[in-house]
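Enquirer: Take a look at the following structure, please.
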Amino acid sequence: MIQRCFFALACLAMTVSLGAMLHAESPSAPTENLPDLGQPDPVQQLADKIDRHIADGWQANNVSPSEPASDAEYIRRVYLDIAGRIPPASVVREFLNDDSSDKRRVLVDKLLDSPGYARHWTNVWRDALVPEAKGNFQSQFAMPSFNGWVREKLLNDTPYDEIVQELLTANLGQRGGNASVVISSNQGPSPNAFYQLKENKPENLAAATTRLFLGVRVECAQCHDHPFAKWKQEEFWSTAAFFSANQPAENFFQAAREVFTGESRIQIPDTETYVSAKFLDGSEPESKSSDEARKALAEWVTADANPYFAQALTNRMWGHFFGTGIVDPIDDFDEANPASHPDLLADLAQGFIEQEYDLKFVIRAITASKTYQLSSKQTHDSQEDPRLFAKAAVRGLSGEQLWDSLVASTGISEAQASPGIVIGGRGGGRADFVQKFEDAAENPTERRTSIVQALALMNGEATASATSLEQSETLLAIIESPFFNNKQRLEALYLASLSRKPTADEEQKMLAYVESGGPAGDWKAALSDVYWALLNSSEFISNH
């Protein structure tokens with residue numbers, strides 16, 4: 001292991017450091033590999049609008065954008081964004097050899113139809129909807145049911161407005177039920193964990209609903225009128241009143257609030273004021289019945305005329321694919337935090353509405369744009385501002401992306417890499433690994449690797465198994481292939497780990513190391529060392 005550490009430091013300094021990767025020469029994607037802007041389909045029409053709005057921003061700010069991403073850079077990025085893992089080496093090789101002009105659009109369609117899309121976006125939506133689940137042991141018993149519900153909606157291509165309506169009108173039983181009982185029950189796919197993990201408290205549910213589905217932080221007015229934004233304390237509690245009938249019985253007599261039977265009303269804490277359910281635009285539901293409150297809220301939130309709903313979703317999706325929202329942070333729509341490209345956001349929202357809230361449509365349009373297909377290599381100082389989107393943002397992988405990419409690259413089984421006990425449908429080893437790579441940074445471009453995380457990669461069971469001559473399927477297949485020489489074996493390892501071929505300089509240095517046999521005088525062990533170094537490189541743990 002000590003020899004490997006020295007070897008890794010030397011190799012990383014020479015070849016695959018992130019800084020060198022960003023500024024080194026890389027092949028540009030030929031023009032014919034980009035989507036044909038003359039396509040009349042709605043996806044390309046919206047992609048064209050994206051590019052026009054972004055180009056207008058470049059012109060206004062004297063920005064020179066980066067070059068188009070190479071095919072290798074694009075396939076790795078889009079696989080991580082849609083499927084949550086790096087592409088298999090065989091898929092990369094096939095994609096690089098494909099001369100079709102529409103191959104990027106075809107690739108996206110295949111990914112959206114793959115199980116990886118539903119699996120990854122289940123994780124994405126879980127983290128957004130129930131962030132309380134992270135680090136909460138008890139919540140793991142509720143998550144299989146919630147994850148199953150989200151996955152079911154994604155697999156069925158359920159329109160986003162219907163997903164939100166179903167969530168906001170979920171059947172919770174009498175007065176919301178007892179959260180501790182429901183969490184431990186074995187139920188089928190259900191969104192109820194959204195309520196349970198927020199303790200069925202109206203104020204928690206109101207804050208989550210407005211942030212997630214409207215992109216506004218009304219909770220800042222929970223204790224007093226917001227000092228900077230337009231939201232008032234009464235508006236926050238009028239939103240909370242829609243959930244007042246769902247408080248668990250043990251909280252019913254708390255002094256902070258009082259629920260009046262049959263009507264959605266709530267008491268503002270520490271005051272004598274009671275407010276009725278009211279929408280954020282100041283209008284009131286036709287019925288004040290507590291039984292109809294959440295249904296009325298769901299209809300108002302998801303209405304085409306709602307100025308926030310479609311924009312909040314498309315901004316959230318933009319933030320996912322670019323690392324920075326058009327409104328950033330993505331859930332802070334406010335006059336004091338204006339959109340970088342308001343007309344672009346309006347066009348994205350309108351296209352989303354016209355396509356009947358099709359989530360895949362937004363993904364197709366964003367990934368078809370030339371803006372998304374820019375390289376992450378900085379070629380001009382004017383590309384520094386991330387809100388001008390003049391180059392692709394380098395984003396660190398989440399714990400789940402990193403784990404799934406390790407498994408995809410190496411061919412090791414989940415059992416080999418995670419010998420832990422399964423709790424709540426998740427492997428103990430996998431769960432431990434993912435937890436180590438959790439990052440509190442709200443923006444994925446700000447993720448940083450800690451010492452603990454670096455050690456988990458260098459010395460962890462997963463990486464050890466991944467580069468073992470006895471356990472790694474990928475490494476064994478490459479070594480034992482009778483048709484490969486060492487140069488071809490090296491290329492195969494790069495494709496399997498970094499989704500690209502080695503540069504000429506990398507090939508020369510790494511090949512010399514392999515053929516010398518390294519410290520052990522064994523070319524097979526040396527090849528294993530190279531693989532270990534690649535998996536521990538800064539390039540592997542980013543989307544580049």
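We name chains A, B, ... following the order of the structure tokens; residues begin at 1 in each chain, and ligands are numbered from 1 as shown.
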Mind checking which residues fall within 9 Å of A:Ala208, counting only C-alpha atoms, ignoring those fewer than 3 positions away in the same chain, and posting them as a list in words?
Expert: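 The filter keeps Leu129, Lys198, Glu203, Asn204, Leu205, Arg211, Leu212, Phe213, Arg217 and Glu219 of chain A.
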Enquirer: If you count only C-alpha atoms, which residues fall within 10 Å of A:Val63, apart from same-chain ones fewer than 2 positions away, as a PyMOL selection string?
Expert: chain A and resi 55-61+65-66+380-385+388-390
Enquirer: Would you write out those residues with N, CA and C atoms, as a tab-separated table (two decimals), in the first residue's frame?
Expert:
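The resulting again_30.tsv:
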```tsv
chain	number	residue	atom	x	y	z
A	55	ALA	N	-26.10	33.23	-25.59
A	55	ALA	CA	-25.21	33.98	-26.49
A	55	ALA	C	-25.43	35.48	-26.34
A	56	ASP	N	-26.67	35.90	-26.13
A	56	ASP	CA	-26.95	37.33	-25.90
A	56	ASP	C	-26.23	37.81	-24.64
A	57	GLY	N	-26.21	36.95	-23.62
A	57	GLY	CA	-25.49	37.30	-22.39
A	57	GLY	C	-24.00	37.40	-22.62
A	58	TRP	N	-23.46	36.51	-23.44
A	58	TRP	CA	-22.03	36.57	-23.75
A	58	TRP	C	-21.69	37.88	-24.47
A	59	GLN	N	-22.54	38.23	-25.44
A	59	GLN	CA	-22.28	39.44	-26.21
A	59	GLN	C	-22.35	40.68	-25.33
A	60	ALA	N	-23.33	40.72	-24.44
A	60	ALA	CA	-23.49	41.88	-23.56
A	60	ALA	C	-22.34	42.03	-22.58
A	61	ASN	N	-21.68	40.91	-22.25
A	61	ASN	CA	-20.61	40.93	-21.26
A	61	ASN	C	-19.23	40.68	-21.86
A	65	PRO	N	-16.79	32.25	-25.25
A	65	PRO	CA	-17.09	30.95	-24.64
A	65	PRO	C	-16.01	29.91	-24.91
A	66	SER	N	-16.04	28.87	-24.14
A	66	SER	CA	-15.12	27.75	-24.32
A	66	SER	C	-15.45	27.00	-25.61
A	380	HIS	N	-10.44	31.34	-21.70
A	380	HIS	CA	-10.41	32.80	-21.68
A	380	HIS	C	-10.86	33.27	-20.30
A	381	ASP	N	-10.29	34.37	-19.85
A	381	ASP	CA	-10.62	34.89	-18.52
A	381	ASP	C	-12.10	35.26	-18.39
A	382	SER	N	-12.75	35.59	-19.50
A	382	SER	CA	-14.15	36.01	-19.44
A	382	SER	C	-15.09	34.87	-19.09
A	383	GLN	N	-14.57	33.65	-19.04
A	383	GLN	CA	-15.42	32.49	-18.73
A	383	GLN	C	-15.52	32.22	-17.23
A	384	GLU	N	-14.92	33.07	-16.41
A	384	GLU	CA	-14.86	32.83	-14.96
A	384	GLU	C	-16.23	32.83	-14.30
A	385	ASP	N	-17.10	33.77	-14.68
A	385	ASP	CA	-18.40	33.94	-14.01
A	385	ASP	C	-19.30	32.74	-14.31
A	388	LEU	N	-22.71	33.08	-16.30
A	388	LEU	CA	-22.75	33.37	-17.74
A	388	LEU	C	-22.70	32.09	-18.57
A	389	PHE	N	-22.39	30.97	-17.92
A	389	PHE	CA	-22.44	29.64	-18.55
A	389	PHE	C	-21.61	29.58	-19.83
A	390	ALA	N	-20.40	30.15	-19.75
A	390	ALA	CA	-19.51	30.19	-20.91
A	390	ALA	C	-18.60	28.97	-20.99
```
Enquirer: Between A:Asn171, A:Ser468, A:Leu96, A:Ala365, which has the minimum distance to A:Glu73 (counting only C-alpha atoms)?
Expert: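 Once distances to A:Glu73 are computed over only C-alpha atoms, the minimum belongs to A:Leu96.
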Enquirer: Env of A:Leu534: 8 Å cut, atoms = only C-alpha atoms, seq-sep filter 6 positions within chain, self excluded. Answer as a PyMOL selection string.
Expert: chain A and resi 16+494+497-498+540
Enquirer: So, with only C-alpha atoms as the atoms that count, which of A:Leu197, A:Thr239, A:Ala118, A:Leu495 lies closest to A:Gln140?
Expert: A:Leu197
Enquirer: Would you pick out the contacts of A:Asp331 at 9 Å or less, using only C-alpha atoms, so that residues sharing its chain but fewer than 2 positions from it are not included, and give the list as a list in words?
Expert: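 That gives Thr210, Arg211, Leu212, Phe213, Leu214, Gly215, Val216, Arg217, Ala312, Asn315, Arg316, Val327, Asp328, Pro329 and Phe333 of chain A.
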Enquirer: For A:Ile86, find every residue with an atom within 7 Å (counting only C-alpha atoms), except residues of its own chain fewer than 2 positions away, and show them as a ChimeraX atom specification.
Expert: /A:76,79-80,88,405,408
Enquirer: Please determine, counting only C-alpha atoms, which residue among A:Glu199, A:Asp161, A:Asp109, A:Asp81 has the shortest atom-to-atom distance to A:Ser139.
Expert: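 Closest to A:Ser139, using only C-alpha atoms: A:Glu199.
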Enquirer: Determine which residues of stretch 325-421 of chain A DSSP labels as helix (DSSP H, G or I) from the backbone of this structure, then write them out as number ranges by chain.
Expert: A: 342-354, 359-368, 381-383, 386-388, 399-410, 414-417
Enquirer: I need the chosen residues saved as a compact mmCIF listing (two decimals), in the first residue's frame, with N, CA and C atoms.
Expert:
```txt
# COMPACT_ATOMS: atom_id res chain seq x y z
N PRO A 342 -33.57 36.10 -17.24
CA PRO A 342 -35.01 35.97 -16.99
C PRO A 342 -35.81 35.51 -18.21
N ASP A 343 -35.44 35.98 -19.40
CA ASP A 343 -36.18 35.56 -20.59
C ASP A 343 -35.95 34.09 -20.89
N LEU A 344 -34.75 33.60 -20.64
CA LEU A 344 -34.48 32.17 -20.81
C LEU A 344 -35.33 31.36 -19.84
N LEU A 345 -35.39 31.78 -18.59
CA LEU A 345 -36.18 31.06 -17.61
C LEU A 345 -37.65 31.04 -18.00
N ALA A 346 -38.14 32.14 -18.52
CA ALA A 346 -39.53 32.21 -18.97
C ALA A 346 -39.78 31.25 -20.13
N ASP A 347 -38.85 31.18 -21.07
CA ASP A 347 -39.02 30.27 -22.22
C ASP A 347 -38.95 28.81 -21.78
N LEU A 348 -38.06 28.50 -20.85
CA LEU A 348 -37.98 27.13 -20.34
C LEU A 348 -39.30 26.74 -19.68
N ALA A 349 -39.83 27.63 -18.86
CA ALA A 349 -41.09 27.34 -18.16
C ALA A 349 -42.24 27.18 -19.14
N GLN A 350 -42.29 28.06 -20.14
CA GLN A 350 -43.38 27.98 -21.11
C GLN A 350 -43.30 26.69 -21.93
N GLY A 351 -42.09 26.30 -22.31
CA GLY A 351 -41.93 25.05 -23.04
C GLY A 351 -42.34 23.86 -22.19
N PHE A 352 -42.02 23.90 -20.92
CA PHE A 352 -42.40 22.83 -19.98
C PHE A 352 -43.91 22.72 -19.88
N ILE A 353 -44.58 23.85 -19.79
CA ILE A 353 -46.04 23.85 -19.71
C ILE A 353 -46.65 23.31 -21.01
N GLU A 354 -46.13 23.78 -22.14
CA GLU A 354 -46.66 23.36 -23.44
C GLU A 354 -46.49 21.87 -23.66
N LEU A 359 -40.98 15.91 -17.68
CA LEU A 359 -39.64 16.09 -17.14
C LEU A 359 -38.56 15.71 -18.15
N LYS A 360 -38.79 14.65 -18.90
CA LYS A 360 -37.79 14.22 -19.87
C LYS A 360 -37.62 15.24 -21.00
N PHE A 361 -38.67 15.97 -21.31
CA PHE A 361 -38.57 17.00 -22.35
C PHE A 361 -37.56 18.07 -21.94
N VAL A 362 -37.60 18.49 -20.69
CA VAL A 362 -36.65 19.50 -20.21
C VAL A 362 -35.22 18.97 -20.29
N ILE A 363 -35.04 17.71 -19.90
CA ILE A 363 -33.70 17.11 -19.96
C ILE A 363 -33.21 17.04 -21.40
N ARG A 364 -34.08 16.63 -22.31
CA ARG A 364 -33.68 16.53 -23.71
C ARG A 364 -33.27 17.90 -24.26
N ALA A 365 -34.05 18.93 -23.94
CA ALA A 365 -33.77 20.27 -24.47
C ALA A 365 -32.46 20.82 -23.92
N ILE A 366 -32.23 20.65 -22.62
CA ILE A 366 -31.00 21.17 -22.02
C ILE A 366 -29.78 20.47 -22.58
N THR A 367 -29.83 19.13 -22.65
CA THR A 367 -28.66 18.38 -23.12
C THR A 367 -28.44 18.53 -24.62
N ALA A 368 -29.46 18.96 -25.37
CA ALA A 368 -29.31 19.17 -26.81
C ALA A 368 -28.72 20.55 -27.11
N ASP A 381 -10.29 34.37 -19.85
CA ASP A 381 -10.62 34.89 -18.52
C ASP A 381 -12.10 35.26 -18.39
N SER A 382 -12.75 35.59 -19.50
CA SER A 382 -14.15 36.01 -19.44
C SER A 382 -15.09 34.87 -19.09
N GLN A 383 -14.57 33.65 -19.04
CA GLN A 383 -15.42 32.49 -18.73
C GLN A 383 -15.52 32.22 -17.23
N PRO A 386 -19.62 31.91 -13.31
CA PRO A 386 -20.44 30.72 -13.58
C PRO A 386 -21.85 31.04 -14.05
N ARG A 387 -22.34 32.25 -13.77
CA ARG A 387 -23.71 32.60 -14.14
C ARG A 387 -23.83 33.06 -15.59
N LEU A 388 -22.71 33.08 -16.30
CA LEU A 388 -22.75 33.37 -17.74
C LEU A 388 -22.70 32.09 -18.57
N GLY A 399 -21.77 11.00 -3.30
CA GLY A 399 -21.34 9.69 -2.80
C GLY A 399 -21.94 8.56 -3.59
N GLU A 400 -23.22 8.67 -3.95
CA GLU A 400 -23.88 7.60 -4.70
C GLU A 400 -23.34 7.51 -6.12
N GLN A 401 -23.08 8.66 -6.74
CA GLN A 401 -22.50 8.63 -8.09
C GLN A 401 -21.11 7.99 -8.06
N LEU A 402 -20.34 8.32 -7.05
CA LEU A 402 -18.99 7.79 -6.96
C LEU A 402 -19.00 6.29 -6.73
N TRP A 403 -19.87 5.84 -5.82
CA TRP A 403 -19.97 4.40 -5.56
C TRP A 403 -20.40 3.64 -6.81
N ASP A 404 -21.47 4.12 -7.45
CA ASP A 404 -22.00 3.44 -8.63
C ASP A 404 -20.99 3.48 -9.78
N SER A 405 -20.19 4.53 -9.84
CA SER A 405 -19.16 4.62 -10.88
C SER A 405 -18.02 3.64 -10.61
N LEU A 406 -17.67 3.47 -9.34
CA LEU A 406 -16.67 2.46 -8.99
C LEU A 406 -17.13 1.07 -9.41
N VAL A 407 -18.39 0.77 -9.09
CA VAL A 407 -18.94 -0.54 -9.44
C VAL A 407 -18.99 -0.70 -10.97
N ALA A 408 -19.42 0.37 -11.67
CA ALA A 408 -19.52 0.30 -13.12
C ALA A 408 -18.14 0.14 -13.77
N SER A 409 -17.15 0.81 -13.23
CA SER A 409 -15.81 0.76 -13.82
C SER A 409 -15.14 -0.58 -13.61
N THR A 410 -15.28 -1.13 -12.43
CA THR A 410 -14.47 -2.29 -12.04
C THR A 410 -15.14 -3.63 -12.23
N GLU A 414 -21.81 -5.86 -5.79
CA GLU A 414 -22.17 -5.14 -4.57
C GLU A 414 -21.76 -5.95 -3.34
N ALA A 415 -21.86 -7.26 -3.43
CA ALA A 415 -21.52 -8.10 -2.27
C ALA A 415 -20.03 -8.03 -1.96
N GLN A 416 -19.20 -7.99 -3.01
CA GLN A 416 -17.75 -7.88 -2.80
C GLN A 416 -17.38 -6.54 -2.19
N ALA A 417 -18.03 -5.48 -2.68
CA ALA A 417 -17.65 -4.14 -2.26
C ALA A 417 -18.34 -3.68 -1.00
```
Enquirer: Find the residue from A:Ala128, A:Glu473, A:Lys370, A:Pro202 that sits nearest to A:Gln44; use only C-alpha atoms when measuring.
Expert: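 Nearest candidate to A:Gln44 out of A:Ala128, A:Glu473, A:Lys370, A:Pro202: A:Lys370.
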Enquirer: Just the residues within 7 Å of stretch 289-305 of chain A, please, counting only C-alpha atoms, with nothing from its chain fewer than 6 positions along; format it as an NGL selection string.
Expert: :A and (161 or 165 or 168-169 or 242-243 or 245 or 262-264 or 353)
Enquirer: Taking all heavy atoms for each residue, export the selection above as a PDB file, in the first residue's frame.
Expert:
```pdb
ATOM      1  N   ASP A 161     -46.693  17.891 -12.779  1.00  0.00           N
ATOM      2  CA  ASP A 161     -47.792  18.490 -12.014  1.00  0.00           C
ATOM      3  C   ASP A 161     -48.622  17.420 -11.323  1.00  0.00           C
ATOM      4  O   ASP A 161     -49.094  17.618 -10.189  1.00  0.00           O
ATOM      5  CB  ASP A 161     -48.667  19.369 -12.905  1.00  0.00           C
ATOM      6  CG  ASP A 161     -49.295  18.614 -14.070  1.00  0.00           C
ATOM      7  OD1 ASP A 161     -48.717  17.598 -14.510  1.00  0.00           O
ATOM      8  OD2 ASP A 161     -50.371  19.038 -14.549  1.00  0.00           O
ATOM      9  N   GLN A 165     -49.224  17.035  -7.299  1.00  0.00           N
ATOM     10  CA  GLN A 165     -50.597  16.955  -6.803  1.00  0.00           C
ATOM     11  C   GLN A 165     -50.784  15.724  -5.920  1.00  0.00           C
ATOM     12  O   GLN A 165     -51.407  15.798  -4.855  1.00  0.00           O
ATOM     13  CB  GLN A 165     -51.584  16.935  -7.970  1.00  0.00           C
ATOM     14  CG  GLN A 165     -51.732  18.261  -8.691  1.00  0.00           C
ATOM     15  CD  GLN A 165     -52.609  18.157  -9.921  1.00  0.00           C
ATOM     16  OE1 GLN A 165     -53.291  17.150 -10.119  1.00  0.00           O
ATOM     17  NE2 GLN A 165     -52.611  19.184 -10.748  1.00  0.00           N
ATOM     18  N   LEU A 168     -49.044  16.291  -2.530  1.00  0.00           N
ATOM     19  CA  LEU A 168     -49.702  17.250  -1.644  1.00  0.00           C
ATOM     20  C   LEU A 168     -51.075  16.796  -1.176  1.00  0.00           C
ATOM     21  O   LEU A 168     -51.617  17.358  -0.225  1.00  0.00           O
ATOM     22  CB  LEU A 168     -49.808  18.612  -2.338  1.00  0.00           C
ATOM     23  CG  LEU A 168     -48.488  19.329  -2.608  1.00  0.00           C
ATOM     24  CD1 LEU A 168     -48.726  20.652  -3.320  1.00  0.00           C
ATOM     25  CD2 LEU A 168     -47.731  19.553  -1.300  1.00  0.00           C
ATOM     26  N   THR A 169     -51.631  15.799  -1.830  1.00  0.00           N
ATOM     27  CA  THR A 169     -52.957  15.303  -1.428  1.00  0.00           C
ATOM     28  C   THR A 169     -52.894  13.870  -0.918  1.00  0.00           C
ATOM     29  O   THR A 169     -53.898  13.171  -0.885  1.00  0.00           O
ATOM     30  CB  THR A 169     -53.945  15.384  -2.610  1.00  0.00           C
ATOM     31  OG1 THR A 169     -53.453  14.585  -3.696  1.00  0.00           O
ATOM     32  CG2 THR A 169     -54.132  16.811  -3.081  1.00  0.00           C
ATOM     33  N   PHE A 242     -52.982  25.447   5.479  1.00  0.00           N
ATOM     34  CA  PHE A 242     -53.451  24.392   4.576  1.00  0.00           C
ATOM     35  C   PHE A 242     -53.132  23.004   5.135  1.00  0.00           C
ATOM     36  O   PHE A 242     -53.774  22.022   4.767  1.00  0.00           O
ATOM     37  CB  PHE A 242     -52.812  24.543   3.197  1.00  0.00           C
ATOM     38  CG  PHE A 242     -53.398  25.634   2.348  1.00  0.00           C
ATOM     39  CD1 PHE A 242     -52.759  26.865   2.232  1.00  0.00           C
ATOM     40  CD2 PHE A 242     -54.587  25.441   1.668  1.00  0.00           C
ATOM     41  CE1 PHE A 242     -53.288  27.877   1.451  1.00  0.00           C
ATOM     42  CE2 PHE A 242     -55.141  26.443   0.886  1.00  0.00           C
ATOM     43  CZ  PHE A 242     -54.486  27.672   0.773  1.00  0.00           C
ATOM     44  N   PHE A 243     -52.137  22.910   5.998  1.00  0.00           N
ATOM     45  CA  PHE A 243     -51.721  21.628   6.564  1.00  0.00           C
ATOM     46  C   PHE A 243     -52.152  21.469   8.020  1.00  0.00           C
ATOM     47  O   PHE A 243     -51.748  20.514   8.672  1.00  0.00           O
ATOM     48  CB  PHE A 243     -50.194  21.498   6.479  1.00  0.00           C
ATOM     49  CG  PHE A 243     -49.650  21.530   5.079  1.00  0.00           C
ATOM     50  CD1 PHE A 243     -49.125  22.715   4.560  1.00  0.00           C
ATOM     51  CD2 PHE A 243     -49.670  20.397   4.287  1.00  0.00           C
ATOM     52  CE1 PHE A 243     -48.622  22.756   3.277  1.00  0.00           C
ATOM     53  CE2 PHE A 243     -49.162  20.430   2.993  1.00  0.00           C
ATOM     54  CZ  PHE A 243     -48.633  21.613   2.485  1.00  0.00           C
ATOM     55  N   ALA A 245     -54.826  20.547   9.496  1.00  0.00           N
ATOM     56  CA  ALA A 245     -55.623  19.374   9.860  1.00  0.00           C
ATOM     57  C   ALA A 245     -54.786  18.106   9.924  1.00  0.00           C
ATOM     58  O   ALA A 245     -55.292  17.059  10.337  1.00  0.00           O
ATOM     59  CB  ALA A 245     -56.762  19.178   8.864  1.00  0.00           C
ATOM     60  N   GLY A 262     -63.038  21.551  11.229  1.00  0.00           N
ATOM     61  CA  GLY A 262     -63.825  21.866  10.046  1.00  0.00           C
ATOM     62  C   GLY A 262     -63.314  23.026   9.234  1.00  0.00           C
ATOM     63  O   GLY A 262     -63.780  23.270   8.134  1.00  0.00           O
ATOM     64  N   GLU A 263     -62.382  23.796   9.732  1.00  0.00           N
ATOM     65  CA  GLU A 263     -61.888  24.944   8.980  1.00  0.00           C
ATOM     66  C   GLU A 263     -60.367  25.008   9.079  1.00  0.00           C
ATOM     67  O   GLU A 263     -59.797  24.742  10.139  1.00  0.00           O
ATOM     68  CB  GLU A 263     -62.494  26.236   9.517  1.00  0.00           C
ATOM     69  CG  GLU A 263     -62.110  27.457   8.701  1.00  0.00           C
ATOM     70  CD  GLU A 263     -62.815  28.717   9.187  1.00  0.00           C
ATOM     71  OE1 GLU A 263     -63.775  28.595   9.962  1.00  0.00           O
ATOM     72  OE2 GLU A 263     -62.389  29.802   8.782  1.00  0.00           O
ATOM     73  N   SER A 264     -59.732  25.368   7.963  1.00  0.00           N
ATOM     74  CA  SER A 264     -58.273  25.452   7.935  1.00  0.00           C
ATOM     75  C   SER A 264     -57.850  26.792   8.536  1.00  0.00           C
ATOM     76  O   SER A 264     -57.721  27.799   7.845  1.00  0.00           O
ATOM     77  CB  SER A 264     -57.759  25.326   6.499  1.00  0.00           C
ATOM     78  OG  SER A 264     -58.107  24.082   5.964  1.00  0.00           O
ATOM     79  N   ILE A 353     -44.579  23.848 -19.788  1.00  0.00           N
ATOM     80  CA  ILE A 353     -46.045  23.847 -19.707  1.00  0.00           C
ATOM     81  C   ILE A 353     -46.646  23.313 -21.009  1.00  0.00           C
ATOM     82  O   ILE A 353     -47.572  22.489 -20.999  1.00  0.00           O
ATOM     83  CB  ILE A 353     -46.567  25.270 -19.414  1.00  0.00           C
ATOM     84  CG1 ILE A 353     -46.151  25.713 -18.009  1.00  0.00           C
ATOM     85  CG2 ILE A 353     -48.089  25.323 -19.550  1.00  0.00           C
ATOM     86  CD1 ILE A 353     -46.441  27.172 -17.718  1.00  0.00           C
TER      87      ILE A 353
END
```
Enquirer: Between A:Tyr74, A:Val150, A:Asp41, A:Val124, which one has atoms that come closest to A:Met317, using only C-alpha atoms?
Expert: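 When distances to A:Met317 are compared using only C-alpha atoms, the smallest one comes from A:Val124.
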